[in-house]
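**Student:** This one is my_file-v7.cif, mmCIF, C-alpha atoms and all ligand atoms.
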data_structure
loop_
_atom_site.label_atom_id
_atom_site.label_comp_id
_atom_site.auth_asym_id
_atom_site.auth_seq_id
_atom_site.Cartn_x
_atom_site.Cartn_y
_atom_site.Cartn_z
CA MET E 1 -1.53 -30.91 216.41
CA GLN E 2 2.00 -31.66 215.20
CA SER E 3 2.90 -31.81 211.51
CA ILE E 4 4.58 -34.38 209.31
CA LEU E 5 6.45 -32.80 206.41
CA VAL E 6 6.60 -35.04 203.34
CA THR E 7 9.20 -33.88 200.80
CA GLY E 8 8.71 -35.23 197.28
CA GLY E 9 5.13 -35.95 198.34
CA LEU E 10 3.67 -35.63 194.84
CA GLY E 11 6.00 -38.31 193.48
CA TYR E 12 5.28 -41.99 193.02
CA ILE E 13 6.15 -43.36 196.46
CA GLY E 14 5.38 -40.13 198.33
CA SER E 15 1.82 -39.73 197.05
CA ILE E 16 0.81 -43.31 197.78
CA THR E 17 2.49 -43.26 201.18
CA ILE E 18 0.57 -40.08 202.04
CA THR E 19 -2.78 -41.75 201.35
CA GLU E 20 -1.85 -44.74 203.54
CA LEU E 21 -0.45 -42.49 206.25
CA TYR E 22 -3.56 -40.35 206.23
CA LYS E 23 -5.75 -43.43 206.69
CA ALA E 24 -3.61 -44.63 209.58
CA ILE E 25 -2.83 -41.43 211.53
CA GLY E 26 -4.32 -38.48 209.63
CA LYS E 27 -6.67 -37.77 212.53
CA TYR E 28 -3.79 -37.05 214.86
CA TYR E 29 -1.21 -35.33 212.63
CA LYS E 30 -1.25 -32.63 209.98
CA ILE E 31 0.41 -33.78 206.76
CA ILE E 32 2.22 -31.11 204.73
CA ILE E 33 3.48 -31.80 201.21
CA LEU E 34 6.53 -30.18 199.63
CA ASP E 35 7.62 -30.81 196.04
CA ASN E 36 9.32 -28.88 193.22
CA LEU E 37 7.39 -30.78 190.48
CA SER E 38 10.65 -31.78 188.75
CA ASN E 39 9.29 -35.32 188.35
CA SER E 40 5.60 -34.99 189.20
CA ASN E 41 2.65 -32.77 188.48
CA ILE E 42 0.21 -30.70 190.42
CA GLN E 43 -2.83 -32.86 189.49
CA VAL E 44 -1.52 -35.51 191.89
CA LEU E 45 -2.71 -33.26 194.72
CA ASP E 46 -6.28 -33.42 193.36
CA THR E 47 -6.03 -37.20 193.20
CA ILE E 48 -4.79 -37.39 196.79
CA THR E 49 -7.66 -35.07 197.80
CA SER E 50 -10.20 -37.28 196.04
CA ILE E 51 -8.88 -40.34 197.86
CA ILE E 52 -8.57 -38.98 201.40
CA GLY E 53 -11.36 -36.37 201.27
CA GLU E 54 -9.20 -33.49 202.49
CA LYS E 55 -6.97 -31.02 200.66
CA LEU E 56 -3.53 -31.09 202.25
CA ASP E 57 -1.23 -28.06 202.35
CA LEU E 58 1.19 -28.12 199.43
CA TYR E 59 4.34 -26.06 198.92
CA ILE E 60 5.96 -25.91 195.51
CA VAL E 61 9.46 -25.48 196.88
CA ASP E 62 12.85 -26.84 195.88
CA ILE E 63 14.80 -28.25 198.82
CA GLN E 64 17.87 -26.62 197.30
CA ASN E 65 16.33 -23.28 198.24
CA GLN E 66 17.08 -23.00 201.95
CA THR E 67 15.28 -19.66 202.34
CA GLU E 68 11.96 -20.95 201.00
CA LEU E 69 12.36 -24.17 202.96
CA LYS E 70 12.80 -22.23 206.20
CA GLU E 71 9.66 -20.24 205.47
CA VAL E 72 7.66 -23.47 205.52
CA PHE E 73 9.05 -24.50 208.92
CA LYS E 74 8.50 -20.97 210.26
CA LYS E 75 4.91 -20.84 209.08
CA TYR E 76 3.89 -23.81 211.22
CA LYS E 77 6.15 -23.15 214.19
CA GLU E 78 3.48 -21.75 216.52
CA THR E 79 0.39 -23.66 215.39
CA ASN E 80 1.40 -27.05 213.98
CA PRO E 81 5.16 -27.46 214.44
CA ILE E 82 6.84 -29.81 212.01
CA ASN E 83 8.02 -32.63 214.25
CA TYR E 84 8.44 -35.42 211.67
CA ILE E 85 9.97 -35.43 208.22
CA ILE E 86 9.61 -38.13 205.59
CA HIS E 87 12.19 -37.26 202.99
CA PHE E 88 11.41 -38.66 199.54
CA ALA E 89 12.55 -35.71 197.39
CA ALA E 90 15.43 -36.78 195.16
CA LEU E 91 16.46 -37.38 191.60
CA LYS E 92 16.62 -41.13 190.96
CA ALA E 93 17.58 -41.96 187.36
CA VAL E 94 20.72 -44.10 187.51
CA GLY E 95 21.77 -43.44 183.89
CA GLU E 96 21.29 -39.69 184.19
CA SER E 97 23.35 -39.69 187.39
CA VAL E 98 26.25 -41.30 185.49
CA GLU E 99 26.01 -38.57 182.84
CA ASN E 100 25.55 -35.74 185.30
CA PRO E 101 26.91 -36.50 188.78
CA ILE E 102 27.02 -32.84 189.83
CA LYS E 103 23.28 -32.46 189.24
CA TYR E 104 22.66 -35.51 191.47
CA TYR E 105 24.96 -34.44 194.30
CA GLN E 106 23.55 -30.93 194.10
CA ASN E 107 19.90 -31.96 194.23
CA ASN E 108 20.10 -34.96 196.55
CA VAL E 109 23.00 -34.17 198.89
CA VAL E 110 22.84 -30.36 199.05
CA GLY E 111 19.03 -30.51 199.18
CA THR E 112 19.12 -32.95 202.11
CA LEU E 113 21.75 -30.83 203.90
CA ASN E 114 19.42 -27.84 203.63
CA LEU E 115 16.52 -29.87 204.93
CA LEU E 116 18.48 -31.22 207.90
CA ASN E 117 19.74 -27.71 208.62
CA CYS E 118 16.17 -26.40 208.81
CA ALA E 119 15.16 -29.40 210.89
CA GLU E 120 17.96 -28.63 213.37
CA GLU E 121 17.03 -24.95 213.55
CA TYR E 122 13.36 -25.77 214.16
CA LYS E 123 14.14 -28.61 216.59
CA CYS E 124 12.66 -31.36 214.48
CA GLN E 125 14.56 -34.53 215.32
CA ASN E 126 12.46 -37.27 213.73
CA PHE E 127 13.62 -38.14 210.25
CA LEU E 128 12.65 -40.95 207.89
CA PHE E 129 14.91 -41.16 204.86
CA SER E 130 14.29 -42.84 201.48
CA SER E 131 17.51 -44.71 200.91
CA SER E 132 17.98 -47.33 198.26
CA ALA E 133 19.32 -50.80 197.53
CA THR E 134 21.79 -49.06 195.19
CA VAL E 135 23.95 -48.37 198.28
CA TYR E 136 25.02 -52.04 198.08
CA ALA E 137 27.23 -54.05 195.78
CA PRO E 138 25.32 -56.58 193.65
CA GLY E 139 24.30 -59.72 195.48
CA GLU E 140 21.64 -62.17 196.56
CA PHE E 141 19.92 -61.93 199.91
CA VAL E 142 21.95 -58.82 200.84
CA ASP E 143 21.59 -57.87 204.50
CA GLU E 144 21.92 -54.46 206.09
CA GLU E 145 25.47 -55.10 207.34
CA ALA E 146 26.79 -55.53 203.78
CA PRO E 147 29.31 -52.76 203.09
CA PHE E 148 28.32 -49.71 201.08
CA LYS E 149 29.48 -50.15 197.50
CA PRO E 150 27.31 -48.09 195.18
CA SER E 151 27.75 -48.65 191.43
CA ASN E 152 26.68 -45.17 190.30
CA PRO E 153 26.52 -41.52 191.45
CA TYR E 154 22.82 -41.84 192.37
CA GLY E 155 23.71 -44.59 194.85
CA GLU E 156 26.66 -42.53 196.09
CA THR E 157 24.33 -39.67 197.02
CA LYS E 158 22.30 -42.09 199.16
CA VAL E 159 25.47 -43.33 200.90
CA VAL E 160 26.67 -39.78 201.65
CA ILE E 161 23.27 -38.92 203.14
CA GLU E 162 23.21 -42.12 205.20
CA TYR E 163 26.63 -41.20 206.65
CA LEU E 164 25.37 -37.74 207.48
CA ILE E 165 22.29 -39.17 209.19
CA ARG E 166 24.41 -41.62 211.18
CA SER E 167 26.64 -38.77 212.40
CA LEU E 168 23.67 -36.58 213.27
CA SER E 169 21.97 -39.38 215.17
CA LYS E 170 24.91 -39.45 217.59
CA LYS E 171 23.81 -36.02 218.81
CA GLY E 172 20.38 -37.44 219.70
CA GLY E 173 17.03 -37.67 217.93
CA ARG E 174 15.37 -40.41 215.92
CA TYR E 175 16.53 -41.35 212.44
CA LEU E 176 15.55 -44.20 210.15
CA CYS E 177 16.92 -45.06 206.72
CA LEU E 178 14.72 -47.33 204.61
CA ARG E 179 16.62 -48.96 201.77
CA TYR E 180 13.97 -49.70 199.16
CA PHE E 181 14.51 -52.33 196.55
CA ASN E 182 12.33 -51.93 193.41
CA PRO E 183 8.86 -50.53 194.06
CA VAL E 184 6.29 -51.20 191.33
CA GLY E 185 2.54 -51.30 190.78
CA ALA E 186 -0.18 -48.89 191.79
CA THR E 187 -3.13 -48.41 194.10
CA LYS E 188 -6.06 -50.82 193.69
CA ASP E 189 -8.39 -48.10 192.39
CA GLY E 190 -5.85 -47.29 189.64
CA LYS E 191 -5.71 -43.65 190.73
CA LEU E 192 -2.09 -43.38 191.85
CA GLY E 193 0.93 -45.02 190.30
CA GLU E 194 4.22 -44.12 188.71
CA MET E 195 3.82 -41.35 186.15
CA PRO E 196 7.36 -40.02 185.61
CA ASN E 197 7.93 -37.09 183.27
CA LYS E 198 10.35 -39.43 181.45
CA PRO E 199 10.15 -43.23 182.04
CA ASN E 200 13.41 -44.62 183.43
CA ASN E 201 12.48 -47.72 185.40
CA LEU E 202 11.30 -51.05 183.99
CA PHE E 203 7.61 -50.94 184.89
CA PRO E 204 6.87 -47.45 183.53
CA TYR E 205 8.45 -48.57 180.25
CA ILE E 206 6.45 -51.80 180.14
CA GLU E 207 3.29 -49.82 180.86
CA GLN E 208 3.91 -47.60 177.84
CA VAL E 209 4.37 -50.72 175.67
CA ALA E 210 1.26 -52.29 177.21
CA ILE E 211 -0.96 -49.39 176.07
CA GLY E 212 0.73 -49.05 172.67
CA ASN E 213 2.53 -45.72 173.28
CA LEU E 214 5.87 -47.45 172.76
CA GLN E 215 6.39 -50.24 170.25
CA GLN E 216 8.71 -52.34 172.35
CA LEU E 217 10.70 -52.59 175.53
CA TYR E 218 14.48 -52.35 175.36
CA VAL E 219 16.07 -54.95 177.63
CA PHE E 220 19.52 -53.72 178.63
CA GLY E 221 21.85 -56.73 178.35
CA ASN E 222 21.23 -60.49 178.25
CA ASP E 223 24.67 -61.78 179.17
CA TYR E 224 24.58 -61.19 182.91
CA ASN E 225 25.32 -64.24 185.03
CA THR E 226 21.64 -65.00 185.78
CA HIS E 227 19.21 -67.78 184.73
CA ASP E 228 18.19 -66.01 181.49
CA GLY E 229 21.03 -63.47 181.20
CA THR E 230 18.88 -60.44 182.14
CA GLY E 231 19.23 -58.47 185.37
CA ILE E 232 17.49 -59.72 188.51
CA ARG E 233 15.87 -57.38 191.03
CA ASP E 234 13.72 -57.58 194.13
CA TYR E 235 10.39 -56.02 193.09
CA ILE E 236 8.09 -54.83 195.84
CA HIS E 237 4.46 -53.78 195.52
CA ILE E 238 4.08 -50.05 196.15
CA LEU E 239 1.33 -50.66 198.71
CA ASP E 240 3.67 -52.89 200.72
CA LEU E 241 6.27 -50.12 200.59
CA ALA E 242 3.73 -47.48 201.65
CA GLU E 243 2.69 -49.69 204.59
CA ALA E 244 6.35 -50.05 205.58
CA HIS E 245 6.48 -46.25 205.93
CA VAL E 246 3.44 -46.23 208.17
CA VAL E 247 5.06 -48.84 210.40
CA ALA E 248 8.40 -46.99 210.39
CA LEU E 249 6.83 -43.63 211.20
CA GLN E 250 4.85 -45.17 214.04
CA GLU E 251 8.14 -46.50 215.40
CA LEU E 252 9.58 -42.97 215.31
CA ILE E 253 6.48 -41.58 217.01
CA LYS E 254 6.64 -44.21 219.75
CA ARG E 255 10.32 -43.45 220.42
CA ASP E 256 9.75 -39.68 220.23
CA GLU E 257 6.99 -39.86 222.81
CA LYS E 258 9.39 -41.67 225.15
CA LYS E 259 12.19 -39.23 224.21
CA GLU E 260 14.39 -42.18 223.30
CA ASN E 261 17.26 -41.72 220.89
CA TYR E 262 17.04 -44.05 217.94
CA TYR E 263 18.91 -44.78 214.74
CA ASP E 264 18.47 -47.75 212.43
CA TYR E 265 18.41 -48.80 208.78
CA PHE E 266 16.29 -51.42 207.08
CA ASN E 267 15.95 -53.22 203.79
CA ILE E 268 12.48 -52.90 202.30
CA GLY E 269 12.16 -55.75 199.84
CA THR E 270 10.56 -59.16 199.48
CA GLY E 271 13.66 -61.36 199.45
CA LYS E 272 12.64 -62.80 196.05
CA GLY E 273 14.35 -61.95 192.77
CA PHE E 274 12.85 -61.78 189.27
CA SER E 275 14.67 -61.17 185.98
CA VAL E 276 13.55 -58.65 183.40
CA LEU E 277 12.29 -61.51 181.23
CA ASP E 278 10.41 -63.05 184.19
CA ILE E 279 8.57 -59.73 184.44
CA VAL E 280 7.95 -59.55 180.69
CA ASN E 281 6.51 -63.09 180.78
CA GLU E 282 4.25 -62.39 183.75
CA TYR E 283 3.02 -59.12 182.24
CA SER E 284 2.45 -60.81 178.89
CA LYS E 285 -0.25 -62.93 180.55
CA LEU E 286 -2.25 -59.67 180.66
CA VAL E 287 -1.13 -58.07 177.39
CA PRO E 288 1.67 -59.01 174.94
CA ILE E 289 4.92 -57.13 175.64
CA LYS E 290 7.30 -56.96 172.68
CA TYR E 291 10.93 -56.51 173.58
CA GLN E 292 14.37 -56.19 172.04
CA ILE E 293 17.70 -56.94 173.68
CA THR E 294 20.12 -54.04 173.57
CA ASP E 295 23.42 -52.96 175.19
CA LYS E 296 23.91 -52.98 178.94
CA ARG E 297 23.33 -49.66 180.69
CA ALA E 298 26.15 -47.87 182.54
CA GLY E 299 25.75 -48.27 186.30
CA ASP E 300 23.50 -51.38 186.15
CA VAL E 301 24.31 -54.60 188.04
CA ALA E 302 23.41 -58.28 187.47
CA ILE E 303 21.52 -59.11 190.63
CA LEU E 304 20.34 -57.29 193.71
CA VAL E 305 17.91 -58.96 196.11
CA ALA E 306 17.17 -58.10 199.75
CA ASN E 307 17.46 -60.12 202.89
CA PRO E 308 14.31 -58.78 204.59
CA ASN E 309 14.77 -60.59 207.92
CA LYS E 310 15.97 -57.69 210.07
CA THR E 311 12.95 -55.60 209.03
CA LYS E 312 10.63 -58.44 209.94
CA GLU E 313 12.27 -59.04 213.30
CA LYS E 314 12.68 -55.43 214.43
CA LEU E 315 9.85 -53.55 212.70
CA GLY E 316 7.44 -56.44 212.32
CA TRP E 317 6.95 -55.63 208.63
CA VAL E 318 6.87 -58.10 205.73
CA ALA E 319 5.82 -57.66 202.10
CA LYS E 320 2.50 -59.40 201.43
CA ARG E 321 1.91 -58.97 197.69
CA GLY E 322 3.38 -61.06 194.86
CA LEU E 323 4.46 -60.50 191.25
CA THR E 324 1.06 -61.29 189.68
CA GLU E 325 -0.58 -58.58 191.78
CA MET E 326 2.21 -56.12 190.95
CA CYS E 327 1.67 -56.62 187.20
CA GLN E 328 -2.14 -56.56 187.45
CA ASP E 329 -2.20 -53.33 189.44
CA SER E 330 0.36 -51.73 187.14
CA TYR E 331 -1.71 -52.60 184.02
CA ASN E 332 -4.95 -51.54 185.68
CA PHE E 333 -3.35 -48.16 186.50
CA ILE E 334 -1.97 -47.42 183.06
CA LYS E 335 -5.18 -48.49 181.31
CA SER E 336 -7.17 -46.10 183.47
CA LYS E 337 -4.88 -43.23 182.39
CA GLN E 338 -5.58 -43.70 178.67
N1 LIG H 401 11.27 -45.72 192.74
C1 LIG H 401 12.33 -46.42 193.02
O1 LIG H 401 12.65 -47.39 192.32
C2 LIG H 401 13.17 -46.12 194.25
C3 LIG H 401 14.01 -47.10 194.76
C4 LIG H 401 14.81 -46.81 195.86
C5 LIG H 401 14.75 -45.55 196.43
N2 LIG H 401 13.93 -44.60 195.90
C6 LIG H 401 13.92 -43.27 196.51
O2 LIG H 401 12.60 -42.98 196.95
C7 LIG H 401 12.34 -41.60 196.85
C8 LIG H 401 11.06 -41.37 196.09
O3 LIG H 401 11.18 -41.99 194.82
P1 LIG H 401 9.99 -42.00 193.76
O4 LIG H 401 10.11 -43.26 193.01
O5 LIG H 401 8.73 -41.63 194.41
O6 LIG H 401 10.49 -40.84 192.81
P2 LIG H 401 9.66 -39.66 192.15
O7 LIG H 401 10.57 -39.00 191.19
O8 LIG H 401 8.35 -40.14 191.66
O9 LIG H 401 9.39 -38.73 193.41
C9 LIG H 401 10.34 -37.83 193.90
C10 LIG H 401 9.64 -36.49 194.05
O10 LIG H 401 10.59 -35.56 194.57
C11 LIG H 401 10.46 -34.35 193.85
N3 LIG H 401 11.77 -33.69 193.93
C12 LIG H 401 12.93 -34.08 193.36
N4 LIG H 401 13.91 -33.20 193.66
C13 LIG H 401 13.34 -32.24 194.44
C14 LIG H 401 13.82 -31.06 195.04
N5 LIG H 401 15.08 -30.65 194.87
N6 LIG H 401 12.98 -30.32 195.80
C15 LIG H 401 11.69 -30.70 195.96
N7 LIG H 401 11.17 -31.81 195.39
C16 LIG H 401 11.98 -32.57 194.64
C17 LIG H 401 10.02 -34.74 192.45
O11 LIG H 401 9.34 -33.71 191.77
C18 LIG H 401 9.13 -35.93 192.72
O12 LIG H 401 7.78 -35.54 192.88
C19 LIG H 401 13.59 -40.98 196.22
O13 LIG H 401 14.41 -40.48 197.23
C20 LIG H 401 14.25 -42.16 195.54
O14 LIG H 401 15.64 -41.98 195.43
C21 LIG H 401 13.14 -44.86 194.83
#
Reformat the file's structure so that it appears as structure tokens.
Ligand SMILES: NC(=O)c1ccc[n+]([C@@H]2O[C@H](COP(=O)([O-])OP(=O)(O)OC[C@H]3O[C@@H](n4cnc5c(N)ncnc54)[C@H](O)[C@@H]3O)[C@@H](O)[C@H]2O)c1
**Tutor:**
Amino acid sequence: MQSILVTGGLGYIGSITITELYKAIGKYYKIIILDNLSNSNIQVLDTITSIIGEKLDLYIVDIQNQTELKEVFKKYKETNPINYIIHFAALKAVGESVENPIKYYQNNVVGTLNLLNCAEEYKCQNFLFSSSATVYAPGEFVDEEAPFKPSNPYGETKVVIEYLIRSLSKKGGRYLCLRYFNPVGATKDGKLGEMPNKPNNLFPYIEQVAIGNLQQLYVFGNDYNTHDGTGIRDYIHILDLAEAHVVALQELIKRDEKKENYYDYFNIGTGKGFSVLDIVNEYSKLVPIKYQITDKRAGDVAILVANPNKTKEKLGWVAKRGLTEMCQDSYNFIKSKQ
């Protein structure tokens, strides 16, 4: 049996993707998790185990540590060689990346270089990369051919890695970059959702307000050129995003079995934009969300919404869930954690 290595697999997107992946192809592939717990905690493994009914192998390893990373590849070489990598591990706080670019380049770029180095040494040529909409300039209905124009160091790290992947793909192998827009929400049973060590994104903040841990939400800027002055984003339900990974990995598997070379990059979004206040209003149908307008944040942009057409045409994937479901599942999740 071959293995799929999931870096950052105890994080928000990684953990939920693992449960969906296990349901879809867990019978045929061994799933190995690697995480350094910098933005997650070990209990997530127990939750994954309770959902899928099997305890997966977990390595508490930092991808910046090439020696420890190699040990993981070596361990499985004879029995369950790592043939696929889904690479989620990264730091992702835009504001922090503006304050500390070196930390972001070090963790995200150097870490990915190490990982790709190990992959090359152990002949693993199937790589699925978590890229981001932050590689683009602001815009509506942005397609994949829009030029790279990141507004902050976090986005720059994704661009550098995408360039590296493009160059590597010319030597052969199968590489996919998925550019996520704004994943939100949680699993239906409320077991897995976003539980950052420090909330940075909109929904984790709103959740803390919803359960009374924070008094109010700070809305960063209300003079953007949008219908209500607050920033507009393309929010995507986390289960839709997890399903996109299953589809993308199956595409890699199909191409690998035929020994075809493959390289592509896809937007993973809904194509619909909502402002911060649209979200506050929708969420307030479930529980009142107090908010206060404050200064704009460095590195933020007015509007960023995906054109999802290429993903639909080439991967056959479309987002199915809407904003009401995103808010409901998010609230359900945070209530169950109280
Ligand atoms: N959540 C979003 O809004 C969003 C949007 C676009 C792209 N992405 C990308 O998706 C990926 C997953 O994001 P997420 O929301 O699940 O974030 P997350 O912080 O919940 O998960 C990332 C995981 O990677 C781990 N990690 C970080 N650095 C590591 C390192 N050096 N070695 C080993 N593990 C490390 C963290 O502990 C965490 O468990 C990231 O690459 C992120 O940049 C996220």
**Student:** Go through the chains and note each residue within 8 Å of ligand LIG 401 (chain H), using all atoms listed in the file, then give the set as number ranges by chain.
**Tutor:** E: 7-15, 34-41, 60-64, 87-92, 107-108, 111, 129-134, 154, 158, 179-184, 194-196, 201
**Student:** Find the residue from E:Phe274, E:Tyr105, E:Tyr331, E:Tyr263 that sits nearest to Ser167 (chain E); use all atoms listed in the file when measuring.
**Tutor:**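 Of E:Phe274, E:Tyr105, E:Tyr331, E:Tyr263, the one nearest Ser167 (chain E) is E:Tyr263, counting all atoms listed in the file.
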**Student:** Find the spatial neighbours of Lys198 (chain E), counting all atoms listed in the file, within a cut-off of 10 Å - ignore same-chain residues fewer than 5 positions away - and output them as a list in words.
**Tutor:**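 Counting only the stated atoms, we get Asn39, Ala93, Pro204 and Tyr205 of chain E.
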**Student:** What separation in Å, quoted to one decimal, exists between CA of Glu120 (chain E) and CA of Gly173 (chain E)?
**Tutor:**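 These two atoms are separated by 10.2 Å.
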**Student:** Just the residues within 12 Å of Gly26 (chain E), please, counting only C-alpha atoms, with nothing from its chain fewer than 3 positions along; format it as number ranges by chain.
**Tutor:** E: 1-4, 17-23, 29-32, 52-56, 246
**Student:** Produce a file of the selected residues containing C-alpha atoms, as an mmCIF file, keeping the file's coordinate frame.
**Tutor:**
data_model
loop_
_atom_site.group_PDB
_atom_site.id
_atom_site.type_symbol
_atom_site.label_atom_id
_atom_site.label_comp_id
_atom_site.auth_asym_id
_atom_site.auth_seq_id
_atom_site.Cartn_x
_atom_site.Cartn_y
_atom_site.Cartn_z
ATOM 1 C CA MET E 1 -1.530 -30.910 216.410
ATOM 2 C CA GLN E 2 2.000 -31.660 215.200
ATOM 3 C CA SER E 3 2.900 -31.810 211.510
ATOM 4 C CA ILE E 4 4.580 -34.380 209.310
ATOM 5 C CA THR E 17 2.490 -43.260 201.180
ATOM 6 C CA ILE E 18 0.570 -40.080 202.040
ATOM 7 C CA THR E 19 -2.780 -41.750 201.350
ATOM 8 C CA GLU E 20 -1.850 -44.740 203.540
ATOM 9 C CA LEU E 21 -0.450 -42.490 206.250
ATOM 10 C CA TYR E 22 -3.560 -40.350 206.230
ATOM 11 C CA LYS E 23 -5.750 -43.430 206.690
ATOM 12 C CA TYR E 29 -1.210 -35.330 212.630
ATOM 13 C CA LYS E 30 -1.250 -32.630 209.980
ATOM 14 C CA ILE E 31 0.410 -33.780 206.760
ATOM 15 C CA ILE E 32 2.220 -31.110 204.730
ATOM 16 C CA ILE E 52 -8.570 -38.980 201.400
ATOM 17 C CA GLY E 53 -11.360 -36.370 201.270
ATOM 18 C CA GLU E 54 -9.200 -33.490 202.490
ATOM 19 C CA LYS E 55 -6.970 -31.020 200.660
ATOM 20 C CA LEU E 56 -3.530 -31.090 202.250
ATOM 21 C CA VAL E 246 3.440 -46.230 208.170
#
**Student:** List as JSON, numbers by chain the residues having at least one atom at most 9 Å from position (16.0, -57.0, 202.2) as given in the file, counting only C-alpha atoms.
**Tutor:** {"E": [133, 141, 142, 143, 144, 179, 180, 181, 234, 266, 267, 268, 269, 270, 271, 305, 306, 307, 308, 309, 310, 311]}
**Student:** Here is a test: counting all atoms listed in the file, which residue of E:Asn213, E:Ser169, E:Ser151, E:Thr324 is nearest to Tyr235 (chain E)?
**Tutor:** E:Thr324
**Student:** Can you tell me how far CA of Gln216 (chain E) sits from CA of Leu286 (chain E), in Å to one decimal?
**Tutor:**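 Spanning CA of Gln216 (chain E) to CA of Leu286 (chain E) is a straight-line distance of 15.6 Å.
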**Student:** What separation in Å, quoted to one decimal, exists between CA of Phe73 (chain E) and CA of Cys124 (chain E)?
**Tutor:** 9.5 Å
**Student:** Set the distance at 6 Å and use only C-alpha atoms: which residues neighbour Leu304 (chain E) once local chain neighbours fewer than 3 positions away are removed? I'd like the list as a list in words.
**Tutor:** Pro138, Gly139, Glu140 and Arg233 of chain E
**Student:** Dump as a tab-separated table the rows for residues of region 226-314 of chain E within 12 Å of region 187-193 of chain E: closest atom pair and distance in Å with one decimal, all atoms listed in the file counted, ordered by chain and rising residue number.
**Tutor:**
residue	atom	partner	partner_atom	distance
E:His237	CA	E:Thr187	CA	9.4
E:Ile238	CA	E:Thr187	CA	7.7
E:Leu239	CA	E:Thr187	CA	6.8
E:Asp240	CA	E:Thr187	CA	10.5
E:Leu241	CA	E:Thr187	CA	11.6
E:Ala242	CA	E:Thr187	CA	10.2
**Student:** Show me as an MDAnalysis selection string the residues that reach within 9 Å of (22.0, -54.0, 177.7), counting all atoms listed in the file and using the file's own coordinates.
**Tutor:** chainID E and resid 218:223 230 293:298 300
**Student:** Please output region 2-14 of chain E, rebuilt to include N, CA and C atoms, as a compact mmCIF listing (two decimals), in the coordinates of the input.
**Tutor:**
# COMPACT_ATOMS: atom_id res chain seq x y z
N GLN E 2 0.69 -31.74 215.84
CA GLN E 2 2.00 -31.66 215.20
C GLN E 2 1.88 -31.97 213.70
N SER E 3 2.91 -31.55 212.96
CA SER E 3 2.90 -31.81 211.51
C SER E 3 3.95 -32.82 211.10
N ILE E 4 3.62 -33.49 209.98
CA ILE E 4 4.58 -34.38 209.31
C ILE E 4 4.85 -33.74 207.96
N LEU E 5 6.10 -33.38 207.71
CA LEU E 5 6.45 -32.80 206.41
C LEU E 5 6.88 -33.92 205.47
N VAL E 6 6.25 -34.00 204.30
CA VAL E 6 6.60 -35.04 203.34
C VAL E 6 7.22 -34.37 202.12
N THR E 7 8.55 -34.46 201.98
CA THR E 7 9.20 -33.88 200.80
C THR E 7 9.06 -34.86 199.63
N GLY E 8 8.91 -34.35 198.44
CA GLY E 8 8.71 -35.23 197.28
C GLY E 8 7.37 -35.94 197.35
N GLY E 9 6.42 -35.31 198.04
CA GLY E 9 5.13 -35.95 198.34
C GLY E 9 4.18 -36.06 197.16
N LEU E 10 4.52 -35.44 196.02
CA LEU E 10 3.67 -35.63 194.84
C LEU E 10 4.25 -36.70 193.92
N GLY E 11 5.38 -37.27 194.30
CA GLY E 11 6.00 -38.31 193.48
C GLY E 11 5.32 -39.65 193.68
N TYR E 12 5.87 -40.63 193.03
CA TYR E 12 5.28 -41.99 193.02
C TYR E 12 5.12 -42.55 194.45
N ILE E 13 6.22 -42.72 195.14
CA ILE E 13 6.15 -43.36 196.46
C ILE E 13 5.52 -42.40 197.48
N GLY E 14 5.88 -41.12 197.38
CA GLY E 14 5.38 -40.13 198.33
C GLY E 14 3.87 -40.03 198.31
